[in-house]
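What's in query.txt: compact mmCIF, C-alpha atoms and all ligand atoms
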# COMPACT_ATOMS: atom_id res chain seq x y z
CA GLY A 120 -33.51 2.88 3.95
CA ASN A 121 -30.86 0.38 4.93
CA HIS A 122 -29.22 0.33 1.56
CA ILE A 123 -28.04 3.78 0.61
CA SER A 124 -25.00 3.56 -1.61
CA PRO A 125 -21.58 4.99 -0.70
CA PHE A 126 -22.27 7.45 -3.56
CA GLU A 127 -25.32 8.75 -1.70
CA ALA A 128 -23.55 8.60 1.67
CA ILE A 129 -20.85 11.02 0.52
CA GLY A 130 -23.39 13.51 -0.81
CA GLY A 131 -24.25 12.26 -4.30
CA GLU A 132 -23.33 14.38 -7.32
CA LYS A 133 -22.58 17.45 -5.18
CA GLY A 134 -20.32 15.45 -2.89
CA ILE A 135 -18.40 13.85 -5.78
CA THR A 136 -18.00 17.21 -7.54
CA ALA A 137 -16.55 18.89 -4.45
CA LEU A 138 -14.29 15.92 -3.70
CA VAL A 139 -12.89 15.56 -7.23
CA ASP A 140 -12.34 19.29 -7.80
CA THR A 141 -10.52 19.58 -4.46
CA PHE A 142 -8.52 16.41 -5.19
CA TYR A 143 -7.23 17.73 -8.54
CA SER A 144 -6.33 21.09 -7.02
CA TYR A 145 -3.91 19.10 -4.82
CA VAL A 146 -2.75 16.88 -7.70
CA SER A 147 -1.97 19.93 -9.85
CA ARG A 148 0.32 21.29 -7.11
CA HIS A 149 1.98 17.98 -6.18
CA PRO A 150 5.60 17.78 -7.39
CA ASP A 151 5.47 14.00 -8.05
CA LEU A 152 2.02 13.99 -9.69
CA SER A 153 1.68 17.18 -11.71
CA PRO A 154 4.38 16.19 -14.28
CA ILE A 155 2.38 13.14 -15.48
CA PHE A 156 -1.02 14.90 -15.68
CA PRO A 157 -2.21 17.33 -18.38
CA ASN A 158 -1.96 21.03 -17.52
CA ASP A 159 -5.67 21.43 -18.05
CA LEU A 160 -7.41 18.97 -15.75
CA THR A 161 -10.96 19.82 -16.84
CA GLU A 162 -11.48 16.64 -18.86
CA THR A 163 -9.58 14.45 -16.38
CA ALA A 164 -11.82 15.71 -13.56
CA ARG A 165 -14.95 15.19 -15.63
CA LYS A 166 -14.02 11.55 -16.25
CA GLN A 167 -13.05 11.00 -12.64
CA LYS A 168 -16.44 12.31 -11.46
CA GLN A 169 -18.11 9.85 -13.82
CA PHE A 170 -15.87 7.02 -12.66
CA LEU A 171 -16.19 7.60 -8.91
CA THR A 172 -19.95 7.95 -9.24
CA GLN A 173 -20.21 4.41 -10.58
CA TYR A 174 -17.37 3.02 -8.41
CA LEU A 175 -19.36 4.12 -5.35
CA GLY A 176 -22.64 2.64 -6.48
CA GLY A 177 -24.24 5.57 -8.30
CA PRO A 178 -25.29 5.65 -11.97
CA SER A 179 -22.86 4.06 -14.50
CA LEU A 180 -21.84 7.38 -16.02
CA TYR A 181 -18.29 6.39 -16.93
CA THR A 182 -19.22 3.17 -18.74
CA GLU A 183 -22.11 4.85 -20.59
CA GLU A 184 -19.68 7.27 -22.21
CA HIS A 185 -16.34 5.44 -22.33
CA GLY A 186 -17.08 1.73 -22.10
CA HIS A 187 -15.48 -0.65 -19.63
CA PRO A 188 -13.14 1.29 -17.31
CA MET A 189 -10.13 -1.10 -17.74
CA LEU A 190 -8.50 1.18 -15.25
CA ARG A 191 -5.12 -0.52 -15.02
CA ALA A 192 -4.79 -0.63 -18.81
CA ARG A 193 -5.73 3.05 -19.09
CA HIS A 194 -2.93 3.88 -16.64
CA LEU A 195 -0.22 1.87 -18.44
CA PRO A 196 0.94 4.87 -20.54
CA PHE A 197 1.88 6.62 -17.28
CA PRO A 198 4.68 5.56 -14.89
CA ILE A 199 2.70 4.80 -11.70
CA THR A 200 5.29 4.18 -8.97
CA PRO A 201 4.61 3.23 -5.34
CA LYS A 202 5.61 6.80 -4.46
CA ARG A 203 3.01 8.23 -6.84
CA ALA A 204 0.32 5.89 -5.50
CA LYS A 205 1.05 7.21 -1.97
CA ALA A 206 0.96 10.78 -3.27
CA TRP A 207 -2.38 10.17 -5.05
CA LEU A 208 -3.87 8.78 -1.84
CA ALA A 209 -2.48 11.67 0.22
CA CYS A 210 -4.18 14.16 -2.12
CA MET A 211 -7.42 12.18 -1.82
CA GLU A 212 -7.16 12.09 1.98
CA ARG A 213 -6.73 15.88 2.11
CA ALA A 214 -9.65 16.35 -0.27
CA MET A 215 -11.84 14.14 1.93
CA ASN A 216 -10.86 16.21 4.97
CA ASP A 217 -11.58 19.48 3.17
CA THR A 218 -14.97 18.37 1.90
CA GLY A 219 -16.15 16.97 5.22
CA ILE A 220 -16.17 13.23 4.42
CA HIS A 221 -15.72 11.64 7.84
CA GLY A 222 -16.47 8.50 9.82
CA PRO A 223 -17.10 4.93 8.68
CA ILE A 224 -18.01 5.86 5.09
CA ARG A 225 -14.71 7.68 4.74
CA ASP A 226 -12.76 4.66 6.05
CA PHE A 227 -14.67 2.35 3.71
CA VAL A 228 -14.12 4.52 0.63
CA PHE A 229 -10.48 5.24 1.45
CA GLU A 230 -9.74 1.54 1.95
CA ARG A 231 -11.21 0.70 -1.47
CA LEU A 232 -9.30 3.55 -3.12
CA THR A 233 -6.09 2.31 -1.48
CA LEU A 234 -6.56 -1.15 -3.04
CA THR A 235 -7.30 0.38 -6.44
CA ALA A 236 -4.36 2.80 -6.25
CA ASN A 237 -1.98 -0.04 -5.37
CA HIS A 238 -3.36 -2.06 -8.27
CA MET A 239 -2.42 0.81 -10.66
CA ILE A 240 1.31 0.57 -9.80
CA ASN A 241 3.19 -0.42 -12.97
CA THR A 242 6.69 0.97 -12.40
CA PRO A 243 9.18 0.56 -9.49
CA ASP A 244 10.34 3.57 -7.47
CA GLU A 245 13.65 4.95 -8.67
CA THR A 246 16.44 3.45 -6.61
CA GLY A 247 18.89 6.26 -7.50
C1 LIG B 301 -6.59 8.95 -15.50
C2 LIG B 301 -2.64 9.01 -12.72
C3 LIG B 301 -4.88 6.21 -9.47
C4 LIG B 301 -8.99 6.81 -11.92
C5 LIG B 301 -5.31 9.16 -15.04
C6 LIG B 301 -4.29 9.87 -15.77
C7 LIG B 301 -3.18 9.88 -14.99
C8 LIG B 301 -3.50 9.19 -13.77
C9 LIG B 301 -1.83 10.53 -15.31
C10 LIG B 301 -4.46 10.49 -17.17
C11 LIG B 301 -5.07 11.85 -17.04
C12 LIG B 301 -5.49 12.39 -18.39
O1 LIG B 301 -4.76 12.24 -19.36
O2 LIG B 301 -6.57 13.00 -18.46
C13 LIG B 301 -2.89 8.24 -11.60
C14 LIG B 301 -1.93 7.96 -10.55
C15 LIG B 301 -2.54 7.14 -9.64
C16 LIG B 301 -3.90 6.94 -10.13
C17 LIG B 301 -0.50 8.47 -10.44
C18 LIG B 301 -1.89 6.57 -8.41
C19 LIG B 301 -2.10 5.32 -8.02
C20 LIG B 301 -6.20 6.17 -9.83
C21 LIG B 301 -7.23 5.56 -9.04
C22 LIG B 301 -8.40 5.74 -9.73
C23 LIG B 301 -8.08 6.44 -10.95
C24 LIG B 301 -7.03 4.90 -7.67
C25 LIG B 301 -9.79 5.32 -9.39
C26 LIG B 301 -10.24 5.12 -8.17
C27 LIG B 301 -8.69 7.40 -13.10
C28 LIG B 301 -9.66 7.64 -14.17
C29 LIG B 301 -8.95 8.26 -15.21
C30 LIG B 301 -7.58 8.37 -14.75
C31 LIG B 301 -11.13 7.28 -14.15
C32 LIG B 301 -9.51 8.68 -16.57
C33 LIG B 301 -9.38 7.52 -17.53
C34 LIG B 301 -9.80 7.91 -18.93
O3 LIG B 301 -9.01 8.53 -19.64
O4 LIG B 301 -10.93 7.61 -19.29
N1 LIG B 301 -4.80 8.76 -13.83
N2 LIG B 301 -4.07 7.62 -11.30
N3 LIG B 301 -6.74 6.70 -10.97
N4 LIG B 301 -7.47 7.86 -13.51
FE1 LIG B 301 -5.78 7.71 -12.43
Translate this structure into structure tokens?
Amino acid sequence: GNHISPFEAIGGEKGITALVDTFYSYVSRHPDLSPIFPNDLTETARKQKQFLTQYLGGPSLYTEEHGHPMLRARHLPFPITPKRAKAWLACMERAMNDTGIHGPIRDFVFERLTLTANHMINTPDETG
């Protein structure tokens, strides 16, 4: 009908799985991101699939298992700089390209992710 969710528009569970797995393959190889992530990204990816499912209007998988996302608070243990936010978004953009997420839905989702990524910033870039 007129009201399919962004979750459905990007391919539902299959779409999220492909996107998140591709995204973390880029994160794991990114020189600014990999140092702050665990070596084994299995659990991180599992949580991110749950989170993005609900963020995009699918079932509330993240909250059912972990409670309120409190995303900014959960990121406070990690130094999220403006540079890392850009890097995160660049990995996501590549993952969207690779998994065939195009057009207006891609612009809509990427714009929301950009706002959320910027909201996670808790540390200035090094001025060195
Ligand atoms: C967890 C980094 C943005 C969603 C994490 C973790 C790191 C991280 C290091 C912990 C991984 C672990 O220990 O398993 C970053 C950086 C970002 C960023 C550098 C750049 C701005 C985002 C955004 C979202 C997001 C935009 C959502 C759209 C999550 C979720 C978790 C997580 C759901 C798992 C939380 C939990 O432990 O339950 N992130 N993140 N992150 N991140 Fe991010």
Per-residue nearest contacts chain A to ligand LIG 301 (chain B), cut-off 9 Å, using only C-alpha atoms and all ligand atoms, as a tab-separated table:
residue	atom	partner	partner_atom	distance
A:Asp151	CA	B:LIG301	C17	8.5
A:Leu152	CA	B:LIG301	C17	6.1
A:Ser153	CA	B:LIG301	C9	8.3
A:Pro154	CA	B:LIG301	C9	8.5
A:Ile155	CA	B:LIG301	C9	5.0
A:Phe156	CA	B:LIG301	C9	4.5
A:Pro157	CA	B:LIG301	O1	5.8
A:Asp159	CA	B:LIG301	O2	8.5
A:Leu160	CA	B:LIG301	O2	6.6
A:Thr161	CA	B:LIG301	O2	8.3
A:Glu162	CA	B:LIG301	O2	6.1
A:Thr163	CA	B:LIG301	O2	3.9
A:Ala164	CA	B:LIG301	O2	7.7
A:Arg165	CA	B:LIG301	C32	8.5
A:Lys166	CA	B:LIG301	C32	5.4
A:Gln167	CA	B:LIG301	C31	4.5
A:Lys168	CA	B:LIG301	C31	7.8
A:Gln169	CA	B:LIG301	C31	7.4
A:Phe170	CA	B:LIG301	C31	5.0
A:Leu171	CA	B:LIG301	C26	6.5
A:Tyr174	CA	B:LIG301	C26	7.4
A:Tyr181	CA	B:LIG301	C31	7.7
A:His185	CA	B:LIG301	O4	6.6
A:Gly186	CA	B:LIG301	O4	9.0
A:Pro188	CA	B:LIG301	O4	7.0
A:Met189	CA	B:LIG301	C33	8.7
A:Leu190	CA	B:LIG301	C4	6.6
A:Arg191	CA	B:LIG301	N3	8.4
A:Arg193	CA	B:LIG301	C33	6.0
A:His194	CA	B:LIG301	N1	5.9
A:Pro196	CA	B:LIG301	C9	8.2
A:Phe197	CA	B:LIG301	C9	5.7
A:Pro198	CA	B:LIG301	C17	7.4
A:Ile199	CA	B:LIG301	C17	5.0
A:Thr200	CA	B:LIG301	C17	7.4
A:Pro201	CA	B:LIG301	C19	7.5
A:Lys202	CA	B:LIG301	C18	8.5
A:Arg203	CA	B:LIG301	C17	5.0
A:Ala204	CA	B:LIG301	C19	3.5
A:Lys205	CA	B:LIG301	C19	7.1
A:Ala206	CA	B:LIG301	C18	7.2
A:Trp207	CA	B:LIG301	C18	4.9
A:Leu208	CA	B:LIG301	C18	7.2
A:Arg231	CA	B:LIG301	C26	8.1
A:Leu232	CA	B:LIG301	C24	5.3
A:Thr233	CA	B:LIG301	C24	6.8
A:Leu234	CA	B:LIG301	C24	7.6
A:Thr235	CA	B:LIG301	C24	4.7
A:Ala236	CA	B:LIG301	C24	3.7
A:Asn237	CA	B:LIG301	C19	6.0
A:His238	CA	B:LIG301	C19	7.5
A:Met239	CA	B:LIG301	C19	5.2
A:Ile240	CA	B:LIG301	C19	6.1
**Asked** Which of these residues is nearest to Thr136 in chain A, using all atoms listed in the file: A:Cys210, A:Asp217, A:Leu195, A:Thr172?
**Response**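 Smallest separation from Thr136 in chain A among the options: A:Thr172.
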**Item:** Using all atoms listed in the file: which of A:Gln173, A:Ser147, A:Thr141, A:Asn158 has the shortest distance to Ser124 in chain A
**Value:**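 Checking each candidate against Ser124 in chain A, we get A:Gln173 as the closest.
Compared by their closest atoms to Ala128 in chain A, and using all atoms listed in the file, the residues A:Glu184, A:Gly219, A:Ile224, A:Arg213 rank with A:Ile224 nearest.
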**Prompt:** Pick from A:Tyr143, A:Pro178, A:Met211, A:Arg148: nearest to Gly131 in chain A, with only C-alpha atoms counted?
**Reply:**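 Looking only at the distances to Gly131 in chain A, the closest residue turns out to be A:Pro178.
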**Message:** Can you measure CA of Phe227 in chain A to CA of Glu183 in chain A for me? One decimal in Å is fine.
**Reply:**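 Those two atoms sit 25.5 Å apart.
Here CA of Lys133 in chain A is placed at a distance of 28.3 Å from CA of Pro150 in chain A.
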**Prompt:** Nearest to His122 in chain A among A:Gly176, A:Ala137, A:Ile220, A:Thr246, with distances taken over all atoms listed in the file: which residue is it?
**Reply:** A:Gly176
**Asked** What does the distance between CA of Ala192 in chain A and CA of Pro243 in chain A come to in Å, to one decimal place?
**Response** 16.8 Å
**Request:** Would you mind telling me which residue in A:His149, A:Gly134, A:Ile123, A:Ile129 lies nearest to Gly222 in chain A when using only C-alpha atoms?
**Result:**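 Nearest to Gly222 in chain A: A:Ile129.
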Please output range 160-171 of chain A, rebuilt to include N, CA and C atoms, as a PDB file, in the coordinates of the input.
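The resulting file, selection_5.pdb, is shown below:
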ATOM      1  N   LEU A 160      -6.834  20.176 -16.344  1.00  0.00           N
ATOM      2  CA  LEU A 160      -7.410  18.970 -15.750  1.00  0.00           C
ATOM      3  C   LEU A 160      -8.934  18.897 -15.884  1.00  0.00           C
ATOM      4  N   THR A 161      -9.502  19.780 -16.703  1.00  0.00           N
ATOM      5  CA  THR A 161     -10.960  19.820 -16.840  1.00  0.00           C
ATOM      6  C   THR A 161     -11.536  18.464 -17.263  1.00  0.00           C
ATOM      7  N   GLU A 162     -10.965  17.895 -18.312  1.00  0.00           N
ATOM      8  CA  GLU A 162     -11.480  16.640 -18.860  1.00  0.00           C
ATOM      9  C   GLU A 162     -11.143  15.463 -17.918  1.00  0.00           C
ATOM     10  N   THR A 163      -9.968  15.490 -17.354  1.00  0.00           N
ATOM     11  CA  THR A 163      -9.580  14.450 -16.380  1.00  0.00           C
ATOM     12  C   THR A 163     -10.577  14.441 -15.218  1.00  0.00           C
ATOM     13  N   ALA A 164     -10.890  15.606 -14.695  1.00  0.00           N
ATOM     14  CA  ALA A 164     -11.820  15.710 -13.560  1.00  0.00           C
ATOM     15  C   ALA A 164     -13.222  15.252 -13.954  1.00  0.00           C
ATOM     16  N   ARG A 165     -13.621  15.603 -15.165  1.00  0.00           N
ATOM     17  CA  ARG A 165     -14.950  15.190 -15.630  1.00  0.00           C
ATOM     18  C   ARG A 165     -15.055  13.671 -15.681  1.00  0.00           C
ATOM     19  N   LYS A 166     -14.028  13.016 -16.205  1.00  0.00           N
ATOM     20  CA  LYS A 166     -14.020  11.550 -16.250  1.00  0.00           C
ATOM     21  C   LYS A 166     -13.958  10.935 -14.861  1.00  0.00           C
ATOM     22  N   GLN A 167     -13.175  11.550 -13.989  1.00  0.00           N
ATOM     23  CA  GLN A 167     -13.050  11.000 -12.640  1.00  0.00           C
ATOM     24  C   GLN A 167     -14.367  11.110 -11.875  1.00  0.00           C
ATOM     25  N   LYS A 168     -15.117  12.196 -12.092  1.00  0.00           N
ATOM     26  CA  LYS A 168     -16.440  12.310 -11.460  1.00  0.00           C
ATOM     27  C   LYS A 168     -17.355  11.196 -11.962  1.00  0.00           C
ATOM     28  N   GLN A 169     -17.312  10.943 -13.267  1.00  0.00           N
ATOM     29  CA  GLN A 169     -18.110   9.850 -13.820  1.00  0.00           C
ATOM     30  C   GLN A 169     -17.686   8.514 -13.220  1.00  0.00           C
ATOM     31  N   PHE A 170     -16.360   8.308 -13.151  1.00  0.00           N
ATOM     32  CA  PHE A 170     -15.870   7.020 -12.660  1.00  0.00           C
ATOM     33  C   PHE A 170     -16.238   6.807 -11.195  1.00  0.00           C
ATOM     34  N   LEU A 171     -15.937   7.789 -10.354  1.00  0.00           N
ATOM     35  CA  LEU A 171     -16.190   7.600  -8.910  1.00  0.00           C
ATOM     36  C   LEU A 171     -17.675   7.453  -8.622  1.00  0.00           C
TER      37      LEU A 171
END
